[in-house]
$ cat query-v9.pdb   # PDB, C-alpha atoms
ATOM      1  CA  MET E  15     -19.576 -49.336  -6.090
ATOM      2  CA  PRO E  16     -17.959 -49.061  -9.536
ATOM      3  CA  LEU E  17     -17.758 -52.241 -11.560
ATOM      4  CA  LEU E  18     -14.526 -52.896 -13.449
ATOM      5  CA  LEU E  19     -14.719 -55.246 -16.433
ATOM      6  CA  LYS E  20     -11.582 -56.118 -18.367
ATOM      7  CA  SER E  21     -11.578 -58.210 -21.513
ATOM      8  CA  GLY E  22      -8.615 -58.321 -23.871
ATOM      9  CA  ALA E  23      -7.792 -54.755 -24.825
ATOM     10  CA  HIS E  24     -11.142 -53.458 -23.565
ATOM     11  CA  LEU E  25     -11.607 -51.901 -20.126
ATOM     12  CA  PHE E  26     -15.008 -50.796 -18.834
ATOM     13  CA  ILE E  27     -15.735 -48.891 -15.626
ATOM     14  CA  THR E  28     -19.319 -48.176 -14.699
ATOM     15  CA  ASP E  29     -21.370 -47.435 -11.592
ATOM     16  CA  SER E  30     -23.991 -49.913 -12.726
ATOM     17  CA  MET E  31     -24.601 -52.203 -15.627
ATOM     18  CA  SER E  32     -27.320 -50.056 -17.181
ATOM     19  CA  SER E  33     -26.759 -51.910 -20.427
ATOM     20  CA  SER E  34     -26.870 -55.640 -19.873
ATOM     21  CA  GLN E  35     -24.375 -56.361 -22.649
ATOM     22  CA  ILE E  36     -21.159 -54.665 -23.734
ATOM     23  CA  GLU E  37     -19.076 -55.574 -26.818
ATOM     24  CA  ALA E  38     -15.920 -57.417 -25.824
ATOM     25  CA  ALA E  39     -12.955 -59.471 -26.958
ATOM     26  CA  ALA E  40     -12.814 -63.236 -26.396
ATOM     27  CA  PRO E  41     -12.288 -64.344 -22.763
ATOM     28  CA  SER E  42      -8.883 -65.264 -21.370
ATOM     29  CA  PRO E  43      -7.865 -68.951 -21.392
ATOM     30  CA  ARG E  44      -9.375 -70.880 -18.478
ATOM     31  CA  ARG E  45     -10.543 -74.239 -17.221
ATOM     32  CA  ASN E  46     -13.458 -75.279 -15.017
ATOM     33  CA  GLY E  47     -15.620 -72.375 -16.163
ATOM     34  CA  LEU E  48     -19.375 -72.695 -16.109
ATOM     35  CA  LEU E  49     -20.986 -72.974 -19.567
ATOM     36  CA  LEU E  50     -24.648 -72.122 -20.054
ATOM     37  CA  PHE E  51     -26.344 -72.116 -23.451
ATOM     38  CA  GLU E  52     -29.345 -69.831 -23.937
ATOM     39  CA  ASP E  53     -30.946 -68.136 -26.951
ATOM     40  CA  ASN E  54     -28.242 -69.224 -29.427
ATOM     41  CA  THR E  55     -25.534 -67.863 -27.118
ATOM     42  CA  VAL E  56     -22.790 -69.704 -25.218
ATOM     43  CA  ASN E  57     -22.136 -68.030 -21.840
ATOM     44  CA  ILE E  58     -18.835 -68.623 -20.007
ATOM     45  CA  ILE E  59     -18.774 -67.698 -16.321
ATOM     46  CA  GLY E  60     -15.868 -67.876 -13.860
ATOM     47  CA  GLY E  61     -13.289 -70.656 -14.024
ATOM     48  CA  TYR E  62      -9.590 -70.940 -13.211
ATOM     49  CA  ASP E  63      -6.791 -69.404 -15.306
ATOM     50  CA  GLY E  64      -3.884 -71.344 -13.761
ATOM     51  CA  ALA E  65      -3.179 -68.653 -11.162
ATOM     52  CA  ARG E  66      -6.532 -67.651  -9.713
ATOM     53  CA  VAL E  67     -10.249 -68.347  -9.581
ATOM     54  CA  LEU E  68     -12.031 -65.918 -11.917
ATOM     55  CA  PRO E  69     -14.926 -63.564 -11.031
ATOM     56  CA  CYS E  70     -18.605 -64.290 -11.715
ATOM     57  CA  THR E  71     -19.831 -60.693 -11.859
ATOM     58  CA  HIS E  72     -20.217 -61.091 -15.616
ATOM     59  CA  ALA E  73     -20.281 -63.702 -18.365
ATOM     60  CA  HIS E  74     -18.373 -63.780 -21.622
ATOM     61  CA  SER E  75     -21.168 -64.457 -24.110
ATOM     62  CA  PHE E  76     -20.622 -65.708 -27.665
ATOM     63  CA  ASN E  77     -23.553 -65.344 -30.054
ATOM     64  CA  LEU E  78     -23.468 -68.179 -32.587
ATOM     65  CA  THR E  79     -25.433 -66.164 -35.171
ATOM     66  CA  THR E  80     -23.425 -62.925 -35.107
ATOM     67  CA  GLN E  81     -20.123 -64.624 -34.140
ATOM     68  CA  ALA E  82     -19.528 -61.781 -31.658
ATOM     69  CA  TRP E  83     -18.434 -61.714 -28.013
ATOM     70  CA  THR E  84     -20.170 -59.534 -25.422
ATOM     71  CA  ILE E  85     -19.996 -59.131 -21.657
ATOM     72  CA  THR E  86     -23.309 -59.955 -19.950
ATOM     73  CA  ALA E  87     -24.028 -58.750 -16.400
ATOM     74  CA  CYS E  88     -24.603 -61.321 -13.644
ATOM     75  CA  THR E  89     -26.548 -60.328 -10.525
ATOM     76  CA  GLY E  90     -26.617 -62.305  -7.278
ATOM     77  CA  ALA E  91     -23.700 -64.513  -8.408
ATOM     78  CA  PRO E  92     -20.881 -65.530  -6.079
ATOM     79  CA  ALA E  93     -17.906 -63.181  -6.367
ATOM     80  CA  TYR E  94     -15.620 -65.949  -7.663
ATOM     81  CA  LEU E  95     -16.403 -69.485  -8.820
ATOM     82  CA  SER E  96     -14.613 -72.379 -10.492
ATOM     83  CA  GLY E  97     -15.643 -75.973 -11.073
ATOM     84  CA  ALA E  98     -19.386 -75.631 -10.401
ATOM     85  CA  ARG E  99     -21.804 -77.948 -12.198
ATOM     86  CA  ALA E 100     -25.030 -76.986 -13.947
ATOM     87  CA  CYS E 101     -28.108 -78.641 -15.372
ATOM     88  CA  VAL E 102     -31.170 -77.312 -17.160
ATOM     89  CA  ASP E 103     -34.323 -76.591 -15.147
ATOM     90  CA  THR E 104     -36.720 -78.334 -17.532
ATOM     91  CA  LYS E 105     -39.775 -76.745 -15.875
ATOM     92  CA  THR E 106     -38.608 -73.142 -16.277
ATOM     93  CA  PRO E 107     -37.515 -71.853 -19.713
ATOM     94  CA  GLY E 108     -34.208 -69.982 -19.540
ATOM     95  CA  ALA E 109     -33.308 -71.411 -16.123
ATOM     96  CA  TYR E 110     -30.561 -73.684 -14.787
ATOM     97  CA  PHE E 111     -29.487 -75.161 -11.463
ATOM     98  CA  VAL E 112     -25.840 -74.561 -10.457
ATOM     99  CA  PHE E 113     -24.157 -76.344  -7.550
ATOM    100  CA  GLY E 114     -20.797 -76.414  -5.796
ATOM    101  CA  GLY E 115     -17.388 -75.444  -7.066
ATOM    102  CA  VAL E 116     -14.663 -73.521  -5.259
ATOM    103  CA  ASP E 117     -14.268 -69.842  -4.402
ATOM    104  CA  ALA E 118     -11.196 -67.570  -4.614
ATOM    105  CA  ALA E 119      -9.841 -69.008  -1.333
ATOM    106  CA  ARG E 120     -10.275 -72.487  -2.871
ATOM    107  CA  ARG E 121     -12.946 -73.437  -0.336
ATOM    108  CA  TYR E 122     -15.396 -76.062  -1.548
ATOM    109  CA  LEU E 123     -18.917 -74.684  -1.843
ATOM    110  CA  THR E 124     -22.269 -76.369  -1.150
ATOM    111  CA  THR E 125     -24.486 -73.586  -2.447
ATOM    112  CA  LEU E 126     -27.305 -74.441  -4.862
ATOM    113  CA  TYR E 127     -28.438 -71.641  -7.188
ATOM    114  CA  ARG E 128     -31.174 -71.180  -9.752
ATOM    115  CA  VAL E 129     -29.674 -69.178 -12.613
ATOM    116  CA  GLN E 130     -32.086 -67.466 -15.008
ATOM    117  CA  PHE E 131     -31.716 -65.359 -18.125
ATOM    118  CA  VAL E 132     -33.932 -62.333 -17.522
ATOM    119  CA  GLU E 133     -34.086 -59.309 -19.840
ATOM    120  CA  GLY E 134     -30.511 -59.740 -21.097
ATOM    121  CA  ARG E 135     -29.047 -60.348 -17.638
ATOM    122  CA  ILE E 136     -28.030 -63.513 -15.834
ATOM    123  CA  VAL E 137     -29.752 -63.586 -12.432
ATOM    124  CA  TRP E 138     -28.511 -65.937  -9.677
ATOM    125  CA  THR E 139     -30.813 -66.864  -6.771
ATOM    126  CA  VAL E 140     -29.643 -68.940  -3.777
ATOM    127  CA  LEU E 141     -31.874 -71.966  -3.186
ATOM    128  CA  PHE E 142     -29.715 -73.638  -0.524
ATOM    129  CA  SER E 143     -26.546 -72.647   1.282
TER     130      SER E 143
END

$ encode --input "query-v9.pdb" --output "structure tokens"
Amino acid sequence: MPLLLKSGAHLFITDSMSSSQIEAAAPSPRRNGLLLFEDNTVNIIGGYDGARVLPCTHAHSFNLTTQAWTITACTGAPAYLSGARACVDTKTPGAYFVFGGVDAARRYLTTLYRVQFVEGRIVWTVLFS
């Protein structure tokens, strides 16, 4: 299934995310997005833009060294997510636990994920649902 990524004036259509990162403009304004910091990069995933819950198929990633935005692929993530909470998995480098939030239908979620940064991608694994 083709993946459509839109960021600012950039539009990307691809059958798969063969490259894990694509240059992009800054993300749209939002609240309740998930923020994960890894390898000198701030990753913004999902959130709410005042009209809708935003997708989690990708992250807007800001590299603090290069001062550049990219789109980073997410695999296994919920389709839409806002208001989830995260904490660092101190036993696994590059890993976080993410819980709860709401989906696009504004249903409260009780899913617990382990989110890991693997080879330039953000991989979500369900631990409890």

$ resolve_selection --input "query-v9.pdb" --expression "the PyMOL selection byres ((chain E and resi 48) around 9)" --output "list in words"
Asn46, Gly47, Leu49, Leu50, Asn57, Ile58, Ile59, Gly60, Gly61, Leu95, Ser96, Gly97, Ala98, Arg99, Ala100 and Val112 of chain E

$ write_last_selection --input "query-v9.pdb" --atoms "C-alpha atoms" --output "PDB file, keeping the file's coordinate frame"
ATOM      1  CA  ASN E  46     -13.458 -75.279 -15.017  1.00  0.00           C
ATOM      2  CA  GLY E  47     -15.620 -72.375 -16.163  1.00  0.00           C
ATOM      3  CA  LEU E  49     -20.986 -72.974 -19.567  1.00  0.00           C
ATOM      4  CA  LEU E  50     -24.648 -72.122 -20.054  1.00  0.00           C
ATOM      5  CA  ASN E  57     -22.136 -68.030 -21.840  1.00  0.00           C
ATOM      6  CA  ILE E  58     -18.835 -68.623 -20.007  1.00  0.00           C
ATOM      7  CA  ILE E  59     -18.774 -67.698 -16.321  1.00  0.00           C
ATOM      8  CA  GLY E  60     -15.868 -67.876 -13.860  1.00  0.00           C
ATOM      9  CA  GLY E  61     -13.289 -70.656 -14.024  1.00  0.00           C
ATOM     10  CA  LEU E  95     -16.403 -69.485  -8.820  1.00  0.00           C
ATOM     11  CA  SER E  96     -14.613 -72.379 -10.492  1.00  0.00           C
ATOM     12  CA  GLY E  97     -15.643 -75.973 -11.073  1.00  0.00           C
ATOM     13  CA  ALA E  98     -19.386 -75.631 -10.401  1.00  0.00           C
ATOM     14  CA  ARG E  99     -21.804 -77.948 -12.198  1.00  0.00           C
ATOM     15  CA  ALA E 100     -25.030 -76.986 -13.947  1.00  0.00           C
ATOM     16  CA  VAL E 112     -25.840 -74.561 -10.457  1.00  0.00           C
TER      17      VAL E 112
END

$ residues_around --input "query-v9.pdb" --residues "segment 139-142 of chain E" --least-positions-apart "5" --cutoff "8 Å" --atoms "all atoms listed in the file" --output "number ranges by chain"
E: 90-91, 124-129

$ write_last_selection --input "query-v9.pdb" --atoms "C-alpha atoms" --output "PDB file, in the coordinates of the input"
ATOM      1  CA  GLY E  90     -26.617 -62.305  -7.278  1.00  0.00           C
ATOM      2  CA  ALA E  91     -23.700 -64.513  -8.408  1.00  0.00           C
ATOM      3  CA  THR E 124     -22.269 -76.369  -1.150  1.00  0.00           C
ATOM      4  CA  THR E 125     -24.486 -73.586  -2.447  1.00  0.00           C
ATOM      5  CA  LEU E 126     -27.305 -74.441  -4.862  1.00  0.00           C
ATOM      6  CA  TYR E 127     -28.438 -71.641  -7.188  1.00  0.00           C
ATOM      7  CA  ARG E 128     -31.174 -71.180  -9.752  1.00  0.00           C
ATOM      8  CA  VAL E 129     -29.674 -69.178 -12.613  1.00  0.00           C
TER       9      VAL E 129
END

$ closest_residue --input "query-v9.pdb" --among "E:Val56, E:Ala109, E:Ala119, E:Val132" --to "Ala82 of chain E" --atoms "all atoms listed in the file"
E:Val56

$ atom_distance --input "query-v9.pdb" --atom1 "atom CA of Arg44 of chain E" --atom2 "atom CA of Gly108 of chain E"
24.9 Å

$ closest_residue --input "query-v9.pdb" --among "E:Thr104, E:Thr71, E:Asn54, E:Asn77" --to "Arg135 of chain E" --atoms "all atoms listed in the file"
E:Thr71

$ atom_distance --input "query-v9.pdb" --atom1 "atom CA of Asp117 of chain E" --atom2 "atom CA of Thr86 of chain E"
20.5 Å

$ atom_distance --input "query-v9.pdb" --atom1 "atom CA of Phe131 of chain E" --atom2 "atom CA of Leu78 of chain E"
16.9 Å

$ closest_residue --input "query-v9.pdb" --among "E:Cys70, E:Val137, E:Asp63, E:Phe51" --to "Cys101 of chain E" --atoms "only C-alpha atoms"
E:Phe51

$ closest_residue --input "query-v9.pdb" --among "E:Asp103, E:His72, E:Arg45, E:Val116" --to "Thr89 of chain E" --atoms "only C-alpha atoms"
E:His72

$ closest_residue --input "query-v9.pdb" --among "E:Ala38, E:Ile136, E:Cys88, E:Val67" --to "Arg121 of chain E" --atoms "all atoms listed in the file"
E:Val67

$ closest_residue --input "query-v9.pdb" --among "E:Gly115, E:Tyr110, E:Ile36, E:Ala65" --to "Glu52 of chain E" --atoms "all atoms listed in the file"
E:Tyr110

$ axis_aligned_box --input "query-v9.pdb" --around "segment 97-112 of chain E" --padding-each-side "8 Å" --output "AutoDock Vina command-line options"
--center_x -27.7 --center_y -74.3 --center_z -15.1 --size_x 40.1 --size_y 24.7 --size_z 25.3

$ resolve_selection --input "query-v9.pdb" --expression "the PyMOL selection byres ((chain E and resi 83) around 9)" --output "PDB file with C-alpha atoms, in the coordinates of the input"
ATOM      1  CA  ILE E  36     -21.159 -54.665 -23.734  1.00  0.00           C
ATOM      2  CA  GLU E  37     -19.076 -55.574 -26.818  1.00  0.00           C
ATOM      3  CA  ALA E  38     -15.920 -57.417 -25.824  1.00  0.00           C
ATOM      4  CA  ALA E  39     -12.955 -59.471 -26.958  1.00  0.00           C
ATOM      5  CA  ALA E  40     -12.814 -63.236 -26.396  1.00  0.00           C
ATOM      6  CA  PRO E  41     -12.288 -64.344 -22.763  1.00  0.00           C
ATOM      7  CA  HIS E  74     -18.373 -63.780 -21.622  1.00  0.00           C
ATOM      8  CA  SER E  75     -21.168 -64.457 -24.110  1.00  0.00           C
ATOM      9  CA  PHE E  76     -20.622 -65.708 -27.665  1.00  0.00           C
ATOM     10  CA  ASN E  77     -23.553 -65.344 -30.054  1.00  0.00           C
ATOM     11  CA  THR E  80     -23.425 -62.925 -35.107  1.00  0.00           C
ATOM     12  CA  GLN E  81     -20.123 -64.624 -34.140  1.00  0.00           C
ATOM     13  CA  ALA E  82     -19.528 -61.781 -31.658  1.00  0.00           C
ATOM     14  CA  THR E  84     -20.170 -59.534 -25.422  1.00  0.00           C
ATOM     15  CA  ILE E  85     -19.996 -59.131 -21.657  1.00  0.00           C
TER      16      ILE E  85
END
